[in-house]
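Q: This is the structure I have questions about; it appears just below.
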Amino acid sequence: EALQLPGHADECRLHIFLRPGYPVLSPPLLLFTNPTLPPTLLRRVNVSLIEHAHESIGEPIIFAAVDFLANNIHEMQLNFIKEQRAKEMEAEQLQIRNEAGHDIDAIIDAQYENDGKLGRRQIAKIRAAQKSYDHSEHMKQKEEERLKRQEERLERIKDEQGSLRVKRAERAIEERKKARIEEEAERASRSAMNASFNRGETVEEARVAALKARNKSLRRNGQEVAFPRV
């Protein structure tokens, strides 16, 4: 799945260094790199990757590592982006509050100096500070809603992909089952024909015996016979 810009999936690299004891006693040394991703995110990915590798000792760890990255790197990047945007929003709101606070302090001082009356400039400053704060809150809410919709879309995609994999697996199992039944029927047919020839029967008699054996094998496995029974 494609990464969010400026990240590029084609820049992903997994460096593998095998060491004694692999795969039974120790995992290989793993290093995931991608120059288009932030260093903080890369450290987070590598820590999770190493932990996953240690949990998979005794198994095909390299395959498990590749599968882990394929299934998690996109989601980890989205979570990282969400965290960074939340921090930026928080910093922006803090700045707005600080600026509004300074203005309000000055306005209070001016109020005492003018017999408790606010001038137009002070009122305009209060309104501007409130409008800026409301705008920041509105933008934060819109960003949270957008990220929520994006997460819901990703979950739907995962569910759809999971259902597709299940259907493919079921279809493959069914095809293997049919192939096994067909092979069994073919073996039964050849065996019956050989037995007929060994008894000294004619070619036609051997053919009939083979057809009977094939039909019997197919019916035993719950298959409908596509040709007349003999």
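Following the order of the structure tokens, chains are lettered A, B, ..., residues in each are numbered from 1, and ligands are numbered from 1.
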With only C-alpha atoms as the counted atoms, please give the residues lying no more than 12 Å from A:Pro28, apart from itself and same-chain residues fewer than 6 positions off, as a list in words.

A: Leu14, His15, Ile16, Phe17, Leu18, Arg19, Pro20, Gly21, Tyr22, Leu49, Ile50, Glu51, His52, Ala53, His54, Ser56, Ile57, Gly58, Glu59, Pro60, Ile61, Ile62, Phe63, Ala64 and Ala65 of chain A

Q: Excluding A:Leu42 and residues on its chain fewer than 2 positions from it, collect all residues at most 10 Å away from it, counting only C-alpha atoms, and give them as a count of residues only.

A: 18

Q: Between atom CA of A:Ile81 and atom CA of A:Leu3, measure the distance and give it in Å to one decimal.

A: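 So the answer is 11.3 Å.
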
Q: So the first atom is atom CA of A:Met139 and the second is atom CA of A:Gln84; what is the distance between them in Å, to one decimal place?

A: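 Between atom CA of A:Met139 and atom CA of A:Gln84 the gap is 14.9 Å.
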
Q: Residues at most 10 Å from A:Ala86, counting only C-alpha atoms, excluding those fewer than 4 positions away in the same chain, as a list of chain:residue names?

A: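 Returned residues: A:Phe80, A:Ile81, A:Lys82, A:Glu90, A:Ala91, A:Glu92, A:Lys140, A:Glu143, A:Glu144.
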
Q: Can you work out the spacing between atom CA of A:Ala210 and atom CA of A:Ala192 in Å, to one decimal?

A: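 For atom CA of A:Ala210 relative to atom CA of A:Ala192, the distance reads 5.0 Å.
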
Q: Identify, on the basis of only C-alpha atoms, every residue whose closest approach to A:Lys148 does not exceed 12 Å; exclude the query and any residue fewer than 6 positions from it along the same chain; express the result as a PyMOL selection string.

A: chain A and resi 78-79+82+141-142+154-155

Q: Residues as selected, all heavy atoms, written as a PDB file, in the first residue's frame, can you do that?

A:
```
ATOM      1  N   LEU A  78       0.626   6.664   9.385  1.00  0.00           N
ATOM      2  CA  LEU A  78      -0.571   7.464   9.616  1.00  0.00           C
ATOM      3  C   LEU A  78      -0.674   7.886  11.080  1.00  0.00           C
ATOM      4  O   LEU A  78      -1.015   9.035  11.388  1.00  0.00           O
ATOM      5  CB  LEU A  78      -1.818   6.674   9.207  1.00  0.00           C
ATOM      6  CG  LEU A  78      -2.049   6.475   7.714  1.00  0.00           C
ATOM      7  CD1 LEU A  78      -3.313   5.666   7.483  1.00  0.00           C
ATOM      8  CD2 LEU A  78      -2.146   7.812   6.997  1.00  0.00           C
ATOM      9  N   ASN A  79      -0.375   6.951  11.995  1.00  0.00           N
ATOM     10  CA  ASN A  79      -0.422   7.285  13.420  1.00  0.00           C
ATOM     11  C   ASN A  79       0.615   8.354  13.758  1.00  0.00           C
ATOM     12  O   ASN A  79       0.357   9.258  14.559  1.00  0.00           O
ATOM     13  CB  ASN A  79      -0.185   6.031  14.265  1.00  0.00           C
ATOM     14  CG  ASN A  79      -1.340   5.049  14.182  1.00  0.00           C
ATOM     15  OD1 ASN A  79      -2.469   5.445  13.885  1.00  0.00           O
ATOM     16  ND2 ASN A  79      -1.082   3.790  14.433  1.00  0.00           N
ATOM     17  N   LYS A  82      -0.595  11.671  12.504  1.00  0.00           N
ATOM     18  CA  LYS A  82      -1.667  12.143  13.380  1.00  0.00           C
ATOM     19  C   LYS A  82      -1.091  12.744  14.664  1.00  0.00           C
ATOM     20  O   LYS A  82      -1.537  13.804  15.124  1.00  0.00           O
ATOM     21  CB  LYS A  82      -2.604  10.983  13.713  1.00  0.00           C
ATOM     22  CG  LYS A  82      -3.800  11.368  14.560  1.00  0.00           C
ATOM     23  CD  LYS A  82      -4.689  10.175  14.799  1.00  0.00           C
ATOM     24  CE  LYS A  82      -5.886  10.545  15.665  1.00  0.00           C
ATOM     25  NZ  LYS A  82      -6.764   9.380  15.916  1.00  0.00           N
ATOM     26  N   GLN A 141     -10.924  20.414  14.926  1.00  0.00           N
ATOM     27  CA  GLN A 141     -12.046  19.492  14.812  1.00  0.00           C
ATOM     28  C   GLN A 141     -12.147  18.904  13.407  1.00  0.00           C
ATOM     29  O   GLN A 141     -12.380  17.698  13.239  1.00  0.00           O
ATOM     30  CB  GLN A 141     -13.347  20.213  15.173  1.00  0.00           C
ATOM     31  CG  GLN A 141     -14.575  19.297  15.150  1.00  0.00           C
ATOM     32  CD  GLN A 141     -15.835  20.040  15.544  1.00  0.00           C
ATOM     33  OE1 GLN A 141     -15.813  21.235  15.830  1.00  0.00           O
ATOM     34  NE2 GLN A 141     -16.944  19.340  15.554  1.00  0.00           N
ATOM     35  N   LYS A 142     -11.949  19.751  12.387  1.00  0.00           N
ATOM     36  CA  LYS A 142     -11.998  19.264  11.008  1.00  0.00           C
ATOM     37  C   LYS A 142     -10.884  18.250  10.746  1.00  0.00           C
ATOM     38  O   LYS A 142     -11.093  17.242  10.064  1.00  0.00           O
ATOM     39  CB  LYS A 142     -11.873  20.440  10.036  1.00  0.00           C
ATOM     40  CG  LYS A 142     -13.103  21.317   9.955  1.00  0.00           C
ATOM     41  CD  LYS A 142     -12.955  22.375   8.883  1.00  0.00           C
ATOM     42  CE  LYS A 142     -12.845  21.761   7.506  1.00  0.00           C
ATOM     43  NZ  LYS A 142     -12.784  22.785   6.433  1.00  0.00           N
ATOM     44  N   LEU A 154      -9.522   2.963   5.846  1.00  0.00           N
ATOM     45  CA  LEU A 154      -8.477   1.941   5.889  1.00  0.00           C
ATOM     46  C   LEU A 154      -9.002   0.642   6.484  1.00  0.00           C
ATOM     47  O   LEU A 154      -8.648  -0.454   6.022  1.00  0.00           O
ATOM     48  CB  LEU A 154      -7.280   2.449   6.691  1.00  0.00           C
ATOM     49  CG  LEU A 154      -6.448   3.546   6.023  1.00  0.00           C
ATOM     50  CD1 LEU A 154      -5.388   4.063   6.984  1.00  0.00           C
ATOM     51  CD2 LEU A 154      -5.793   3.028   4.751  1.00  0.00           C
ATOM     52  N   GLU A 155      -9.846   0.757   7.525  1.00  0.00           N
ATOM     53  CA  GLU A 155     -10.423  -0.444   8.124  1.00  0.00           C
ATOM     54  C   GLU A 155     -11.315  -1.169   7.133  1.00  0.00           C
ATOM     55  O   GLU A 155     -11.308  -2.403   7.062  1.00  0.00           O
ATOM     56  CB  GLU A 155     -11.222  -0.067   9.381  1.00  0.00           C
ATOM     57  CG  GLU A 155     -10.376   0.343  10.565  1.00  0.00           C
ATOM     58  CD  GLU A 155      -9.465  -0.774  11.028  1.00  0.00           C
ATOM     59  OE1 GLU A 155      -9.887  -1.942  10.986  1.00  0.00           O
ATOM     60  OE2 GLU A 155      -8.324  -0.499  11.414  1.00  0.00           O
TER      61      GLU A 155
END
```

Q: Please provide the set of residues having any atom within 12 Å of A:Glu182, restricted to only C-alpha atoms, with same-chain residues fewer than 6 positions apart removed, written as a list in words.

A: Glu175, Arg176, Ala188, Ser189, Arg214, Asn215, Lys216, Ser217, Leu218, Arg219, Arg220, Asn221, Gly222, Gln223, Glu224 and Val225 of chain A

Q: Selection from above, N, CA, C and O atoms, as a CSV table (one decimal), in the first residue's frame, can you write it?

A:
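Done, and the output landed in out.csv:
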```csv
chain,number,residue,atom,x,y,z
A,175,GLU,N,-10.7,-26.2,-5.4
A,175,GLU,CA,-10.1,-26.7,-6.7
A,175,GLU,C,-9.2,-27.8,-6.4
A,175,GLU,O,-9.1,-28.8,-7.2
A,176,ARG,N,-8.4,-27.8,-5.3
A,176,ARG,CA,-7.6,-28.9,-4.9
A,176,ARG,C,-8.4,-30.1,-4.6
A,176,ARG,O,-8.0,-31.3,-4.9
A,188,ALA,N,-8.9,-45.3,-10.1
A,188,ALA,CA,-9.9,-46.4,-10.0
A,188,ALA,C,-10.2,-46.9,-11.4
A,188,ALA,O,-10.3,-48.1,-11.7
A,189,SER,N,-10.3,-46.0,-12.4
A,189,SER,CA,-10.6,-46.4,-13.8
A,189,SER,C,-9.5,-47.2,-14.4
A,189,SER,O,-9.7,-48.3,-15.0
A,214,ARG,N,-14.9,-45.6,-12.4
A,214,ARG,CA,-14.8,-44.2,-12.4
A,214,ARG,C,-16.1,-43.6,-11.8
A,214,ARG,O,-16.0,-42.7,-10.9
A,215,ASN,N,-17.2,-44.0,-12.3
A,215,ASN,CA,-18.5,-43.5,-11.8
A,215,ASN,C,-18.7,-43.8,-10.3
A,215,ASN,O,-19.2,-42.9,-9.6
A,216,LYS,N,-18.3,-45.0,-9.9
A,216,LYS,CA,-18.5,-45.3,-8.5
A,216,LYS,C,-17.6,-44.4,-7.6
A,216,LYS,O,-18.0,-44.0,-6.5
A,217,SER,N,-16.4,-44.2,-8.1
A,217,SER,CA,-15.5,-43.3,-7.3
A,217,SER,C,-16.0,-41.9,-7.2
A,217,SER,O,-15.9,-41.3,-6.1
A,218,LEU,N,-16.5,-41.4,-8.3
A,218,LEU,CA,-17.1,-40.0,-8.3
A,218,LEU,C,-18.3,-39.9,-7.4
A,218,LEU,O,-18.4,-38.9,-6.6
A,219,ARG,N,-19.2,-40.9,-7.5
A,219,ARG,CA,-20.4,-40.9,-6.6
A,219,ARG,C,-20.0,-41.0,-5.1
A,219,ARG,O,-20.6,-40.4,-4.3
A,220,ARG,N,-19.0,-41.8,-4.9
A,220,ARG,CA,-18.5,-42.0,-3.5
A,220,ARG,C,-18.0,-40.7,-2.9
A,220,ARG,O,-18.1,-40.4,-1.7
A,221,ASN,N,-17.5,-39.8,-3.7
A,221,ASN,CA,-17.0,-38.5,-3.3
A,221,ASN,C,-18.0,-37.4,-3.4
A,221,ASN,O,-17.7,-36.2,-3.4
A,222,GLY,N,-19.3,-37.8,-3.7
A,222,GLY,CA,-20.4,-36.8,-3.7
A,222,GLY,C,-20.5,-36.0,-5.0
A,222,GLY,O,-21.1,-34.9,-5.1
A,223,GLN,N,-19.9,-36.5,-6.1
A,223,GLN,CA,-19.9,-35.8,-7.4
A,223,GLN,C,-21.0,-36.4,-8.3
A,223,GLN,O,-21.2,-37.6,-8.3
A,224,GLU,N,-21.6,-35.5,-9.0
A,224,GLU,CA,-22.6,-35.9,-10.0
A,224,GLU,C,-21.9,-36.4,-11.2
A,224,GLU,O,-20.9,-35.8,-11.7
A,225,VAL,N,-22.3,-37.5,-11.8
A,225,VAL,CA,-21.7,-38.2,-12.9
A,225,VAL,C,-22.3,-37.5,-14.2
A,225,VAL,O,-23.5,-37.4,-14.4
```
